[in-house]
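Working notes for the structure below.
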Amino acid sequence: MDTMRDRFAPVVSRLLDEDPRVAVVLAEIGKDGFAEARRRHPDRVINVGIREQLLVGAGAGLALTGMRPVVHTFASFLVERPFEQVKLDLGHQDVGAVLVSAAASFDWPAGGYTHMAPGDVALLDTLDGWTVHVPGHPDEAETLLRHAVAAGDDKVYVRLSVQSNAQARPVDGERFTTVREGRSGVVVAVGPMLDAVLDAVLDATEGLDVTVLYATTIRPFDAAALRRATRTAGADVVLVEPYLAGTSTAAANDALSDVPHRVMGLGVGRAELRRYGTVAEHTAAHGLDARSLRERISAFLGGGPGSERA
């Protein structure tokens, strides 16, 4: 199966053909995937070289002229390194762009910590008006990329990853979907975390009686879906996110502010892992594999260690 990033260049190349407003801005990374598109549209496929601040600034400049820029590089170079330009060139000037990242939290461990960005979504949360898509499958990535480009002049972040669920699910770029219904808690699985969550709660020996919501658009946060789920499943909520643990706990708390509830945020820990390892080893080390998730979710829903009352 191809990866989300494998799907990215062909999809956006087609969008370049279909919409004269679309432009692509690159910083070396990913340029080979757009070689043919650049021959067809030399004025709308722009490679600024290894200059990430310029990458975002150029995208904002294109947006000021009425273009719809798609800006792409690794997450650490797209959100963290040029954050001032994201804040000012896009936010302060109130123009939109589609930021599309690769490498996610630890997709390329051999690249070291410079190529890891578990804090990207939390950092964007400090800014106003961003839509954040976190697809869990290449087909979902294609759908959400098209949603993002078509979203007028909105500011949209699409977070691509090599981690993927086995099958795609219908996504609309707005709402959480209910994958499973239960009566003893709600688990929100974000993007590529869904399969591990389902493996955890559907354990062959003793399944957990929980509702599972699937989120591929995490900002704006679908408060209505969470509230509906808690009416029958109770107000114990676990968020399982493929980036910094706790990123969405405030959003969940706000959604349930008028009812007694508990929220636990699971995700990538703050401690830096200083050995390169593999994606699977990083996943396990952060407690995001199915076995660890089952232990942590069970302990929380049972009121054991790790539970945190809101």
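Here, A, B, ... name the chains of the structure tokens in the order displayed, residue numbers run from 1 inside each chain, and ligands are numbered from 1 in the same displayed order.
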Practice problem: Find the residues around Asp125 of chain A up to 9 Å (only C-alpha atoms counted), leave out those fewer than 4 positions away in its own chain, and share them as a VMD selection string. | Solution: chain A and resid 120 to 121 129 to 130 219 247
Tell me, counting only C-alpha atoms, for each residue of segment 100-126 of chain A within 10 Å of segment 144-168 of chain A, which pair of atoms is nearest and how far apart they are in Å to one decimal, in rows ordered by chain and increasing number, as a Markdown table.
```
| residue | atom | partner | partner_atom | distance |
| --- | --- | --- | --- | --- |
| A:Val100 | CA | A:Val158 | CA | 4.8 |
| A:Ser101 | CA | A:Arg159 | CA | 5.2 |
| A:Ala102 | CA | A:Leu160 | CA | 5.1 |
| A:Ala103 | CA | A:Ser161 | CA | 5.9 |
| A:Ala104 | CA | A:Ser161 | CA | 5.4 |
| A:Ser105 | CA | A:Ser161 | CA | 8.4 |
| A:Phe106 | CA | A:Ser161 | CA | 9.0 |
| A:Asp107 | CA | A:Val162 | CA | 6.2 |
| A:Trp108 | CA | A:Val162 | CA | 8.9 |
| A:Asp120 | CA | A:Arg159 | CA | 9.2 |
| A:Val121 | CA | A:Tyr157 | CA | 8.7 |
| A:Leu124 | CA | A:Tyr157 | CA | 8.8 |
```
Output file for the selection above: C-alpha atoms, as a PDB file, in the first residue's frame:
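Okay, part_7.pdb is ready:
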```pdb
ATOM      1  CA  VAL A 100       1.041  19.803   4.422  1.00  0.00           C
ATOM      2  CA  SER A 101       3.627  18.062   6.585  1.00  0.00           C
ATOM      3  CA  ALA A 102       5.452  14.759   6.486  1.00  0.00           C
ATOM      4  CA  ALA A 103       7.462  12.791   9.080  1.00  0.00           C
ATOM      5  CA  ALA A 104       4.814  13.352  11.798  1.00  0.00           C
ATOM      6  CA  SER A 105       6.017  12.756  15.375  1.00  0.00           C
ATOM      7  CA  PHE A 106       8.684  10.135  14.685  1.00  0.00           C
ATOM      8  CA  ASP A 107       8.121   8.710  11.191  1.00  0.00           C
ATOM      9  CA  TRP A 108      11.818   8.846  10.339  1.00  0.00           C
ATOM     10  CA  ASP A 120       3.209  20.625  16.015  1.00  0.00           C
ATOM     11  CA  VAL A 121      -0.537  20.543  16.661  1.00  0.00           C
ATOM     12  CA  LEU A 124      -0.735  25.626  16.162  1.00  0.00           C
TER      13      LEU A 124
END
```
Exercise. Extract, using only C-alpha atoms, all DNA, RNA and protein residues at most 6 Å from Val134 of chain A, discarding same-chain residues fewer than 3 positions from it, and format them as a VMD selection string.
Key: chain A and resid 159 191 216 to 217
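One finds atom CA of Phe77 of chain A at 8.8 Å from atom CA of Ala117 of chain A.
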Exercise. Mind listing the strand (DSSP E or B) residues of segment 81-284 of chain A, per DSSP on the backbone, as a ChimeraX atom specification?
Key: /A:97-102,130-133,155-159,177-180,186-190,211-215,217-219,236-244,262-268
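Every protein, DNA or RNA residue with an atom at most 10 Å from Gly185 of chain A, where only C-alpha atoms count and chain neighbours fewer than 4 positions away do not, is listed here: Glu181, Leu208, Asp209, Val210, Thr211, Val212, Ala229, Thr230, Thr232, Ala233, Gly234, Ala235, Asp236, Val237, Val238, Arg262, Ile297, Phe300 and Leu301 of chain A.
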Quiz prompt | Residues within 7 Å of Gly59 of chain A, only C-alpha atoms, excluding chain neighbours under 4 positions, as a PyMOL selection string | solution = chain A and resi 25+55+63+69+71+97
Quiz item: In Å to one decimal, how far is atom CA of Val132 of chain A from atom CA of Val171 of chain A?
Solution: 13.4 Å
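Across the structure, atom CA of Thr65 of chain A and atom CA of Asp17 of chain A are spaced 19.1 Å apart.
Residue nearest Pro135 of chain A within the list A:Val24, A:Val190, A:Leu213, A:Ala225: A:Val190 [criterion: smallest interatomic distance, only C-alpha atoms].
Nearest-residue note for His41 of chain A: choosing from A:Ala196, A:Ile218, A:Arg275, A:Arg14, the minimum distance belongs to A:Arg14, counting only C-alpha atoms.
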Practice problem: Tell me, as a ChimeraX atom specification, which residues lie within 12 Å of Leu64 of chain A, counting only C-alpha atoms; anything in the same chain fewer than 3 positions away does not count. | Solution: /A:21,57-61,67-69,89-90,93-97,153
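Using only C-alpha atoms, the nearest neighbour of Val98 of chain A within the list A:Thr73, A:Pro82, A:Thr114, A:Asp2 is A:Thr73.
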